[in-house]
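Chemist: What follows is the file entry.txt, containing compact mmCIF, C-alpha atoms:
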```
# COMPACT_ATOMS: atom_id res chain seq x y z
CA MET A 51 1.70 -27.59 -13.27
CA VAL A 52 0.72 -25.98 -16.54
CA SER A 53 -2.51 -24.11 -16.19
CA THR A 54 -4.03 -21.17 -18.03
CA LYS A 55 -3.03 -20.64 -21.64
CA GLN A 56 -1.63 -17.16 -22.10
CA SER A 57 -4.27 -15.11 -23.82
CA ALA A 58 -3.61 -12.71 -26.68
CA ASN A 59 -4.53 -10.03 -24.20
CA LEU A 60 -1.69 -10.99 -21.88
CA GLN A 61 0.73 -11.26 -24.77
CA ASP A 62 -0.25 -7.75 -25.87
CA ALA A 63 0.25 -6.54 -22.32
CA PHE A 64 3.67 -8.17 -22.19
CA ASP A 65 4.69 -6.65 -25.52
CA SER A 66 3.66 -3.17 -24.36
CA GLY A 67 5.56 -3.43 -21.07
CA ASP A 68 8.73 -1.70 -19.97
CA THR A 69 12.00 -3.49 -19.37
CA TYR A 70 13.27 -3.22 -15.81
CA ASP A 71 15.80 -0.57 -16.78
CA ASP A 72 13.15 1.58 -18.48
CA TYR A 73 10.75 1.20 -15.55
CA ALA A 74 13.45 2.00 -12.99
CA ALA A 75 14.34 5.08 -15.04
CA LYS A 76 10.69 6.19 -14.83
CA ILE A 77 10.71 5.86 -11.05
CA ARG A 78 13.95 7.79 -10.79
CA ALA A 79 12.58 10.50 -13.08
CA GLU A 80 9.50 10.89 -10.87
CA GLY A 81 11.82 11.21 -7.86
CA GLY A 82 10.69 11.46 -4.24
CA ARG A 83 10.19 8.57 -1.85
CA PRO A 84 9.79 5.77 -4.44
CA ALA A 85 13.08 6.73 -6.12
CA ASN A 86 14.85 6.65 -2.76
CA LEU A 87 13.31 3.29 -1.87
CA LEU A 88 14.32 1.82 -5.23
CA GLU A 89 17.89 2.97 -4.78
CA LYS A 90 18.07 1.42 -1.31
CA SER A 91 16.47 -1.81 -2.51
CA GLU A 92 18.90 -2.18 -5.40
CA ALA A 93 21.83 -1.52 -3.07
CA THR A 94 20.77 -4.22 -0.60
CA VAL A 95 20.59 -7.12 -3.07
CA SER A 96 23.97 -8.83 -2.83
CA ASP A 97 25.78 -12.15 -3.08
CA ALA A 98 25.25 -12.52 0.65
CA ASN A 99 21.46 -12.66 0.47
CA LEU A 100 20.67 -13.73 -3.11
CA ASP A 101 20.93 -17.41 -4.01
CA VAL A 102 20.35 -17.90 -7.75
CA ALA A 103 21.12 -21.65 -7.73
CA PRO A 104 17.42 -22.67 -7.97
CA PHE A 105 17.11 -20.73 -11.24
CA THR A 106 20.08 -22.15 -13.10
CA ASN A 107 18.24 -25.41 -13.86
CA VAL A 108 15.51 -23.68 -15.88
CA ASN A 109 15.83 -25.12 -19.39
CA LYS A 110 14.31 -22.29 -21.38
CA PRO A 111 13.90 -18.68 -20.29
CA LEU A 112 10.52 -17.76 -18.84
CA LYS A 113 8.58 -14.62 -19.61
CA VAL A 114 7.60 -12.58 -16.56
CA LEU A 115 4.82 -10.02 -16.86
CA VAL A 116 4.76 -7.74 -13.81
CA LEU A 117 1.86 -5.57 -12.69
CA SER A 118 3.22 -2.61 -10.76
CA GLU A 119 2.75 1.05 -9.91
CA THR A 120 5.65 3.43 -9.41
CA TRP A 121 4.45 4.51 -5.93
CA CYS A 122 4.23 0.93 -4.61
CA PRO A 123 6.85 0.05 -1.95
CA ASP A 124 6.51 -3.72 -2.38
CA CYS A 125 7.30 -3.12 -6.05
CA THR A 126 10.41 -1.06 -5.36
CA ASP A 127 11.36 -3.73 -2.77
CA ASN A 128 10.89 -6.77 -4.97
CA LEU A 129 11.46 -5.75 -8.60
CA PRO A 130 15.23 -5.30 -8.02
CA ILE A 131 15.37 -8.89 -6.71
CA LEU A 132 13.63 -10.23 -9.80
CA ASN A 133 15.87 -8.11 -12.01
CA GLU A 134 19.05 -9.27 -10.30
CA ILE A 135 18.07 -12.92 -10.77
CA ALA A 136 17.24 -12.20 -14.42
CA LYS A 137 20.58 -10.48 -14.97
CA ARG A 138 22.64 -13.16 -13.29
CA THR A 139 20.94 -16.20 -14.83
CA GLY A 140 19.49 -15.01 -18.14
CA LYS A 141 16.41 -17.13 -17.34
CA PHE A 142 13.76 -14.39 -17.14
CA ASP A 143 12.51 -12.01 -19.81
CA VAL A 144 10.84 -9.33 -17.69
CA ARG A 145 8.27 -6.72 -18.79
CA ILE A 146 6.49 -4.35 -16.43
CA ILE A 147 3.06 -2.76 -16.92
CA GLY A 148 0.88 -0.44 -14.84
CA ARG A 149 -1.74 -2.29 -12.83
CA ASP A 150 -4.33 0.43 -13.21
CA ALA A 151 -3.80 0.53 -16.98
CA PHE A 152 -4.57 -3.20 -17.22
CA PRO A 153 -7.41 -3.88 -14.78
CA GLU A 154 -8.51 -7.01 -16.64
CA VAL A 155 -5.08 -8.58 -16.12
CA ALA A 156 -5.11 -7.53 -12.47
CA ASP A 157 -8.59 -8.98 -11.92
CA ALA A 158 -7.48 -12.32 -13.35
CA HIS A 159 -4.67 -12.51 -10.76
CA LEU A 160 -6.18 -11.25 -7.50
CA LYS A 161 -4.59 -11.95 -4.12
CA GLU A 162 -6.91 -14.21 -2.12
CA GLY A 163 -9.35 -13.79 -4.98
CA LYS A 164 -10.19 -10.20 -4.03
CA PHE A 165 -7.21 -7.83 -3.76
CA ARG A 166 -5.37 -6.16 -6.66
CA SER A 167 -2.12 -6.43 -4.72
CA ILE A 168 1.15 -5.55 -6.41
CA PRO A 169 3.67 -6.43 -7.55
CA THR A 170 2.01 -9.33 -9.35
CA MET A 171 4.58 -11.33 -11.30
CA ILE A 172 3.03 -13.70 -13.84
CA PHE A 173 5.42 -16.39 -15.15
CA PHE A 174 4.94 -17.94 -18.62
CA ASP A 175 6.82 -20.67 -20.45
CA GLN A 176 7.91 -20.50 -24.09
CA ASP A 177 4.58 -21.94 -25.24
CA GLY A 178 2.63 -19.21 -23.51
CA ASN A 179 1.43 -21.35 -20.61
CA GLU A 180 1.16 -19.66 -17.25
CA VAL A 181 3.28 -21.53 -14.72
CA GLY A 182 2.89 -19.48 -11.57
CA THR A 183 2.29 -16.11 -9.96
CA PHE A 184 4.08 -14.19 -7.23
CA ILE A 185 1.90 -11.58 -5.52
CA GLU A 186 2.99 -8.73 -3.24
CA ARG A 187 5.36 -10.45 -0.77
CA PRO A 188 5.69 -13.80 1.02
CA ASP A 189 3.49 -14.27 4.10
CA THR A 190 6.64 -15.07 6.07
CA VAL A 191 7.86 -11.52 5.45
CA THR A 192 4.55 -10.00 6.56
CA ASP A 193 4.69 -12.16 9.71
CA LEU A 194 8.25 -11.09 10.56
CA ARG A 195 7.43 -7.41 10.04
CA GLN A 196 4.45 -7.71 12.36
CA GLN A 197 6.56 -9.49 14.96
CA ARG A 198 9.25 -6.78 14.83
CA ARG A 199 6.56 -4.11 15.06
CA ARG A 200 5.09 -5.71 18.17
CA GLU A 201 8.57 -5.87 19.70
CA VAL A 202 9.06 -2.13 19.17
CA TYR A 203 5.79 -1.33 20.92
CA ALA A 204 6.60 -3.73 23.75
CA GLY A 205 9.94 -1.99 24.28
CA ASP A 206 8.51 1.23 25.70
CA PRO A 207 5.29 1.61 27.70
CA ASP A 208 4.88 5.14 26.33
CA PHE A 209 4.15 3.64 22.91
CA GLY A 210 0.99 1.98 24.19
CA SER A 211 -0.77 -0.67 22.12
CA PRO A 212 0.16 -1.40 18.48
CA ASP A 213 -3.57 -1.06 17.81
CA THR A 214 -3.65 2.59 18.89
CA PRO A 215 -3.70 4.90 15.85
CA ALA A 216 -0.60 7.08 15.63
CA SER A 217 -2.82 10.16 15.58
CA GLU A 218 -3.81 9.49 19.18
CA LEU A 219 -0.24 9.46 20.51
CA PRO A 220 1.38 12.64 21.84
CA ASP A 221 3.60 14.27 19.23
CA GLU A 222 6.79 13.63 21.19
CA VAL A 223 5.97 9.93 21.60
CA ARG A 224 5.21 9.69 17.91
CA ALA A 225 8.55 11.31 17.10
CA THR A 226 10.37 8.68 19.18
CA LEU A 227 8.36 5.74 17.87
CA GLU A 228 8.53 6.59 14.16
CA PRO A 229 12.26 5.98 13.55
CA ARG A 230 12.13 2.77 15.59
CA LEU A 231 9.39 1.41 13.35
CA ALA A 232 11.37 2.41 10.25
CA GLU A 233 14.43 0.66 11.65
CA ALA A 234 12.43 -2.45 12.51
CA ARG A 235 11.12 -2.68 8.96
CA ALA A 236 14.60 -2.17 7.47
CA SER A 237 15.91 -4.96 9.68
CA THR A 238 13.74 -7.44 7.77
CA ARG A 239 15.29 -6.68 4.38
CA ASP A 240 17.80 -9.55 4.19
CA PHE A 241 15.15 -12.03 5.26
CA ALA A 242 12.74 -10.57 2.70
CA ILE A 243 15.25 -10.96 -0.13
CA GLN A 244 15.84 -14.60 0.83
CA GLU A 245 12.12 -15.34 1.09
CA VAL A 246 11.21 -13.66 -2.20
CA THR A 247 14.00 -15.61 -3.89
CA ARG A 248 12.74 -18.84 -2.30
CA GLU A 249 9.17 -18.22 -3.48
CA LEU A 250 10.29 -17.37 -7.00
CA GLY A 251 12.44 -20.52 -6.99
CA GLU A 252 9.39 -22.60 -6.10
CA ILE A 253 7.52 -21.14 -9.07
CA VAL A 254 10.25 -21.91 -11.59
CA ALA A 255 10.65 -25.43 -10.15
CA ARG A 256 7.07 -26.07 -11.35
CA ALA A 257 7.80 -24.80 -14.87
CA MET B 94 -19.05 37.56 -8.13
CA THR B 95 -21.45 35.18 -9.78
CA SER B 96 -20.69 31.57 -9.12
CA THR B 97 -20.69 29.29 -12.12
CA SER B 98 -20.47 26.18 -10.01
CA THR B 99 -23.07 23.54 -10.66
CA THR B 100 -22.40 21.86 -7.33
CA ALA B 101 -25.59 21.30 -5.42
CA GLN B 102 -26.18 23.40 -2.35
CA ARG B 103 -24.71 21.63 0.64
CA VAL B 104 -27.39 20.17 2.81
CA PRO B 105 -27.06 21.11 6.48
CA THR B 106 -25.70 18.16 8.41
CA LYS B 107 -28.28 18.45 11.17
CA PRO B 108 -31.28 20.60 11.84
CA ALA B 109 -29.67 23.72 13.18
CA ALA B 110 -30.73 24.61 16.69
CA TRP B 111 -31.76 28.25 16.50
CA ASP B 112 -32.55 30.33 19.52
CA THR B 113 -35.31 32.89 19.57
CA ASP B 114 -32.88 35.61 18.42
CA GLY B 115 -31.97 33.61 15.35
CA ASN B 116 -28.55 32.57 16.56
CA ARG B 117 -27.37 29.05 15.87
CA ALA B 118 -26.44 26.98 18.90
CA PRO B 119 -22.78 25.93 19.02
CA LEU B 120 -21.99 22.50 17.66
CA ALA B 121 -20.02 19.99 19.66
CA PRO B 122 -16.30 20.20 18.79
CA VAL B 123 -15.32 17.37 16.48
CA ARG B 124 -11.79 16.48 15.40
CA VAL B 125 -11.01 13.96 12.65
CA ALA B 126 -7.58 12.35 12.34
CA ILE B 127 -6.43 10.27 9.38
CA THR B 128 -3.33 8.13 9.95
CA TYR B 129 -2.04 6.79 6.64
CA CYS B 130 0.89 4.62 5.63
CA ALA B 131 3.33 7.00 3.96
CA GLU B 132 5.15 4.10 2.29
CA CYS B 133 2.08 2.63 0.69
CA GLY B 134 0.85 5.11 -1.88
CA TYR B 135 -2.23 6.03 0.17
CA GLU B 136 -1.75 9.78 -0.29
CA GLN B 137 -4.54 10.26 -2.81
CA PHE B 138 -7.14 8.37 -0.82
CA THR B 139 -6.16 10.37 2.26
CA LEU B 140 -6.58 13.65 0.42
CA ASP B 141 -9.86 12.52 -1.15
CA LEU B 142 -11.29 11.69 2.27
CA ALA B 143 -10.09 15.00 3.73
CA ALA B 144 -11.65 16.86 0.79
CA ALA B 145 -14.94 15.01 1.24
CA LEU B 146 -15.02 16.06 4.91
CA MET B 147 -14.17 19.66 4.00
CA ARG B 148 -16.97 19.79 1.44
CA GLU B 149 -19.48 18.19 3.76
CA PHE B 150 -18.77 20.05 6.98
CA GLY B 151 -16.74 23.15 6.23
CA ALA B 152 -15.93 25.08 9.40
CA GLU B 153 -18.21 22.90 11.51
CA LEU B 154 -15.23 20.60 12.03
CA SER B 155 -12.71 21.70 14.64
CA LYS B 156 -9.78 20.07 12.91
CA ILE B 157 -8.77 17.57 10.24
CA GLU B 158 -5.40 16.08 11.08
CA ILE B 159 -3.33 14.01 8.66
CA VAL B 160 -0.61 11.83 10.16
CA PRO B 161 1.92 10.09 7.89
CA TRP B 162 2.84 6.71 9.35
CA HIS B 163 4.08 3.16 8.68
CA ASP B 164 3.11 -0.48 8.30
CA GLY B 165 0.12 -0.29 5.99
CA ALA B 166 -1.91 1.87 8.36
CA PHE B 167 -5.10 3.60 7.32
CA ASP B 168 -6.87 4.63 10.51
CA VAL B 169 -9.57 7.23 10.90
CA THR B 170 -10.53 8.50 14.34
CA VAL B 171 -13.28 10.93 15.26
CA ASN B 172 -12.71 12.58 18.63
CA GLY B 173 -10.19 9.85 19.37
CA GLU B 174 -12.56 6.99 18.64
CA LEU B 175 -11.37 4.57 15.98
CA ILE B 176 -14.03 4.58 13.25
CA HIS B 177 -12.07 2.71 10.62
CA SER B 178 -8.87 0.69 10.77
CA MET B 179 -7.36 -1.03 7.75
CA TYR B 180 -5.95 -3.70 10.09
CA ARG B 181 -9.24 -4.26 11.84
CA ASP B 182 -11.77 -3.67 9.07
CA GLY B 183 -9.74 -4.21 5.90
CA GLY B 184 -9.46 -1.81 2.98
CA PHE B 185 -10.34 1.86 2.92
CA PRO B 186 -13.49 3.27 4.51
CA GLU B 187 -16.45 4.52 2.57
CA HIS B 188 -16.50 8.31 2.81
CA GLU B 189 -20.11 8.13 3.94
CA THR B 190 -19.14 5.98 6.94
CA ILE B 191 -16.80 8.67 8.23
CA ILE B 192 -19.23 11.47 7.39
CA ALA B 193 -21.98 9.70 9.33
CA ALA B 194 -19.70 9.30 12.37
CA VAL B 195 -18.86 13.00 12.27
CA ARG B 196 -22.49 14.00 11.84
CA GLU B 197 -23.49 11.94 14.84
CA ARG B 198 -20.91 13.63 17.06
CA LEU B 199 -21.68 17.13 15.82
CA ALA B 200 -25.24 16.55 16.85
CA ALA B 201 -24.19 15.58 20.39
CA THR B 202 -24.45 19.09 21.78
CA ASP B 203 -24.40 18.73 25.51
```
Show this structure as structure tokens.
Modeler:
Amino acid sequence: MVSTKQSANLQDAFDSGDTYDDYAAKIRAEGGRPANLLEKSEATVSDANLDVAPFTNVNKPLKVLVLSETWCPDCTDNLPILNEIAKRTGKFDVRIIGRDAFPEVADAHLKEGKFRSIPTMIFFDQDGNEVGTFIERPDTVTDLRQQRRREVYAGDPDFGSPDTPASELPDEVRATLEPRLAEARASTRDFAIQEVTRELGEIVARA
Amino acid sequence: MTSTSTTAQRVPTKPAAWDTDGNRAPLAPVRVAITYCAECGYEQFTLDLAAALMREFGAELSKIEIVPWHDGAFDVTVNGELIHSMYRDGGFPEHETIIAAVRERLAATD
């Protein structure tokens, strides 16, 4: 369903954006945790979990303007998926901008009408019409992460309730719990790639 | 050394209880802990809140603890009591909310 006409403002934002390769280079140059996360995310996108079939029927390439920040883990999770689809199909022309540098764009694409969640991927057709928006991550991924988190807590009575702040756990319990939570989150990666791909496929099907 | 700071004089957080010899009564021990999601880019807000508590209370606080964690957490406890939870309350807390909770417990000198 064609909706909002792309404003000159959005076109300017798109034109000023980084390509994926330039943006990834920025993250790597800054180093630290985001650079490590990006490297892991890129390495986990594979033929086994990425189905590009829904994108091959797109007649004309779509523009994708992405709001991001280099510290954002959902961005380092999901941008490599978008980039891989773009590379394999040639159907997306991707540009990435800083959310905080473009608050007016962010405020026009809020999650649930109130949150400046990122990444926000805004899809446009060749005529500049907005055809859909992907924000942050699919709800199914959030639900699975929460389920896995609850399972970790249920696995050891020492961990107590998932609602107990980590600061109130004894240090040794925290040290045992922390890697299990990290592992639980990592275990959702394949599912997340499939679900992000599915949601992006639904957007392009409307184009 | 002459201070060039234009920062306003910090207002005492409670009327100090002075004894007849001019000694201040001890405050109740108060510990603040901030648990933040280390994957989520919450570092700056965590440090801003810690700095606000340092400015407001100085050495009146027993401890400010910062705990890096997972899963979108941003929890603030005062003496173990959960004052703000991102899961429960949504978003980040107002600094003044945490400061008020600390002030209340400092005043509880039993």
Chemist: What is the CA of Asp168 in chain B-CA of Ile191 in chain B distance in Å, reported with one decimal?
Modeler: 11.0 Å
Chemist: Compile a residue-level contact table for chain A against chain B at a cut-off of 10 Å, reporting for every qualifying residue the shortest atom pair and its distance in Å to one decimal, with all atoms listed in the file counted, rows ordered by chain and ascending number, as CSV.
Modeler:
```
residue,atom,partner,partner_atom,distance
A:Arg83,CA,B:Glu132,CA,7.9
A:Pro84,CA,B:Glu132,CA,8.3
A:Leu87,CA,B:Glu132,CA,9.2
A:Glu119,CA,B:Gly134,CA,9.2
A:Thr120,CA,B:Gly134,CA,9.1
A:Trp121,CA,B:Gly134,CA,5.5
A:Cys122,CA,B:Cys133,CA,6.0
A:Pro123,CA,B:Cys133,CA,6.0
A:Asp124,CA,B:Cys133,CA,8.3
A:Phe165,CA,B:Gly184,CA,9.3
A:Thr192,CA,B:Asp164,CA,9.8
A:Arg195,CA,B:Asp164,CA,8.3
A:Gln196,CA,B:Asp164,CA,8.4
A:Arg199,CA,B:Asp164,CA,8.4
A:Asp213,CA,B:Tyr180,CA,8.5
A:Thr214,CA,B:Leu175,CA,8.5
A:Pro215,CA,B:Asp168,CA,6.2
A:Ala216,CA,B:Thr128,CA,6.4
A:Ser217,CA,B:Thr128,CA,6.0
A:Glu218,CA,B:Gly173,CA,6.4
A:Arg224,CA,B:Trp162,CA,9.4
A:Glu228,CA,B:Trp162,CA,7.5
A:Pro229,CA,B:His163,CA,9.9
A:Leu231,CA,B:His163,CA,7.3
A:Ala232,CA,B:His163,CA,7.5
A:Arg235,CA,B:Asp164,CA,8.3
```
Chemist: Emit the selected residues as a compact mmCIF listing (two decimals), keeping the file's coordinate frame, including C-alpha atoms.
Modeler:
```txt
# COMPACT_ATOMS: atom_id res chain seq x y z
CA ARG A 83 10.19 8.57 -1.85
CA PRO A 84 9.79 5.77 -4.44
CA LEU A 87 13.31 3.29 -1.87
CA GLU A 119 2.75 1.05 -9.91
CA THR A 120 5.65 3.43 -9.41
CA TRP A 121 4.45 4.51 -5.93
CA CYS A 122 4.23 0.93 -4.61
CA PRO A 123 6.85 0.05 -1.95
CA ASP A 124 6.51 -3.72 -2.38
CA PHE A 165 -7.21 -7.83 -3.76
CA THR A 192 4.55 -10.00 6.56
CA ARG A 195 7.43 -7.41 10.04
CA GLN A 196 4.45 -7.71 12.36
CA ARG A 199 6.56 -4.11 15.06
CA ASP A 213 -3.57 -1.06 17.81
CA THR A 214 -3.65 2.59 18.89
CA PRO A 215 -3.70 4.90 15.85
CA ALA A 216 -0.60 7.08 15.63
CA SER A 217 -2.82 10.16 15.58
CA GLU A 218 -3.81 9.49 19.18
CA ARG A 224 5.21 9.69 17.91
CA GLU A 228 8.53 6.59 14.16
CA PRO A 229 12.26 5.98 13.55
CA LEU A 231 9.39 1.41 13.35
CA ALA A 232 11.37 2.41 10.25
CA ARG A 235 11.12 -2.68 8.96
```
Chemist: Show me the residues close to (-20.4, 8.2, 8.9) - anything with an atom within 12 Å, counting all atoms listed in the file - and format the list as a PyMOL selection string.
Modeler: chain B and resi 106+125+142+145-146+149+169-171+176-177+186-199
Chemist: For range 120-122 of chain B, list every protein, DNA or RNA residue within 7 Å, evaluated using all atoms listed in the file, and leave out those in the same chain fewer than 5 positions away; present the list as an NGL selection string.
Modeler: :B and (154-155 or 198-202)
Chemist: Please provide the set of residues having any atom within 8 Å of Val254 in chain A, restricted to only C-alpha atoms, with same-chain residues fewer than 4 positions apart removed, written as a list in words.
Modeler: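 These residues fall inside the cut-off: Phe105, Val108, Val181, Gly182 and Leu250 of chain A.
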Chemist: Might you pull out every residue within 10 Å of Ile168 in chain A, with only C-alpha atoms counted and same-chain residues fewer than 5 positions away left off, and present them as JSON, numbers by chain?
Modeler: {"A": [116, 117, 118, 119, 122, 123, 124, 125, 128, 148, 149, 156, 160, 161, 184, 185, 186, 187]}
Chemist: For CA of Phe64 in chain A and CA of Ile147 in chain A, determine how far apart the two atoms are, in Å to one decimal place.
Modeler: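 Separation of CA of Phe64 in chain A and CA of Ile147 in chain A: 7.6 Å.
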Chemist: I want to know what sits within 12 Å of Ser211 in chain A, based on only C-alpha atoms, with residues of the same chain fewer than 4 positions away left out; could you give that as a PyMOL selection string?
Modeler: chain A and resi 199-207+215-216+218-219+227
Chemist: Report, in Å to a single decimal, how far apart CA of Phe174 in chain A and CA of Thr238 in chain A are.
Modeler: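 We find that CA of Thr238 in chain A and CA of Phe174 in chain A lie 29.7 Å from each other.
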Chemist: Using only C-alpha atoms, which residue out of A:Arg138, A:Arg239, A:Arg78, A:His159 lies closest to Thr106 in chain A?
Modeler: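 Selected residue with least distance to Thr106 in chain A: A:Arg138.
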Chemist: Residues around (17.1, 1.7, -4.1), cut-off 12 Å, counting all atoms listed in the file - what are they as a list in words?
Modeler: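 Within the cut-off we find Ala74, Ala75, Ile77, Arg78, Gly81, Gly82, Arg83, Pro84, Ala85, Asn86, Leu87, Leu88, Glu89, Lys90, Ser91, Glu92, Ala93, Thr94, Val95, Pro123, Cys125, Thr126, Asp127, Asn128, Leu129, Pro130 and Ile131 of chain A.
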Chemist: Please produce a file of the residues just selected, as a PDB file, in the coordinates of the input, where the atoms kept are C-alpha atoms.
Modeler:
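Okay, again-v1.pdb is ready:
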```pdb
ATOM      1  CA  ALA A  74      13.450   2.000 -12.990  1.00  0.00           C
ATOM      2  CA  ALA A  75      14.340   5.080 -15.040  1.00  0.00           C
ATOM      3  CA  ILE A  77      10.710   5.860 -11.050  1.00  0.00           C
ATOM      4  CA  ARG A  78      13.950   7.790 -10.790  1.00  0.00           C
ATOM      5  CA  GLY A  81      11.820  11.210  -7.860  1.00  0.00           C
ATOM      6  CA  GLY A  82      10.690  11.460  -4.240  1.00  0.00           C
ATOM      7  CA  ARG A  83      10.190   8.570  -1.850  1.00  0.00           C
ATOM      8  CA  PRO A  84       9.790   5.770  -4.440  1.00  0.00           C
ATOM      9  CA  ALA A  85      13.080   6.730  -6.120  1.00  0.00           C
ATOM     10  CA  ASN A  86      14.850   6.650  -2.760  1.00  0.00           C
ATOM     11  CA  LEU A  87      13.310   3.290  -1.870  1.00  0.00           C
ATOM     12  CA  LEU A  88      14.320   1.820  -5.230  1.00  0.00           C
ATOM     13  CA  GLU A  89      17.890   2.970  -4.780  1.00  0.00           C
ATOM     14  CA  LYS A  90      18.070   1.420  -1.310  1.00  0.00           C
ATOM     15  CA  SER A  91      16.470  -1.810  -2.510  1.00  0.00           C
ATOM     16  CA  GLU A  92      18.900  -2.180  -5.400  1.00  0.00           C
ATOM     17  CA  ALA A  93      21.830  -1.520  -3.070  1.00  0.00           C
ATOM     18  CA  THR A  94      20.770  -4.220  -0.600  1.00  0.00           C
ATOM     19  CA  VAL A  95      20.590  -7.120  -3.070  1.00  0.00           C
ATOM     20  CA  PRO A 123       6.850   0.050  -1.950  1.00  0.00           C
ATOM     21  CA  CYS A 125       7.300  -3.120  -6.050  1.00  0.00           C
ATOM     22  CA  THR A 126      10.410  -1.060  -5.360  1.00  0.00           C
ATOM     23  CA  ASP A 127      11.360  -3.730  -2.770  1.00  0.00           C
ATOM     24  CA  ASN A 128      10.890  -6.770  -4.970  1.00  0.00           C
ATOM     25  CA  LEU A 129      11.460  -5.750  -8.600  1.00  0.00           C
ATOM     26  CA  PRO A 130      15.230  -5.300  -8.020  1.00  0.00           C
ATOM     27  CA  ILE A 131      15.370  -8.890  -6.710  1.00  0.00           C
TER      28      ILE A 131
END
```
Chemist: I want to know what sits within 7 Å of range 109-115 of chain A, based on all atoms listed in the file, with residues of the same chain fewer than 3 positions away left out; could you give that as a compact mmCIF listing (two decimals) with C-alpha atoms, in the coordinates of the input?
Modeler:
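Writing the result to result-v4.txt gives the following:
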```
# COMPACT_ATOMS: atom_id res chain seq x y z
CA PHE A 64 3.67 -8.17 -22.19
CA LYS A 141 16.41 -17.13 -17.34
CA PHE A 142 13.76 -14.39 -17.14
CA ASP A 143 12.51 -12.01 -19.81
CA VAL A 144 10.84 -9.33 -17.69
CA ARG A 145 8.27 -6.72 -18.79
CA ILE A 146 6.49 -4.35 -16.43
CA MET A 171 4.58 -11.33 -11.30
CA ILE A 172 3.03 -13.70 -13.84
CA PHE A 173 5.42 -16.39 -15.15
CA PHE A 174 4.94 -17.94 -18.62
CA ASP A 175 6.82 -20.67 -20.45
CA GLN A 176 7.91 -20.50 -24.09
```
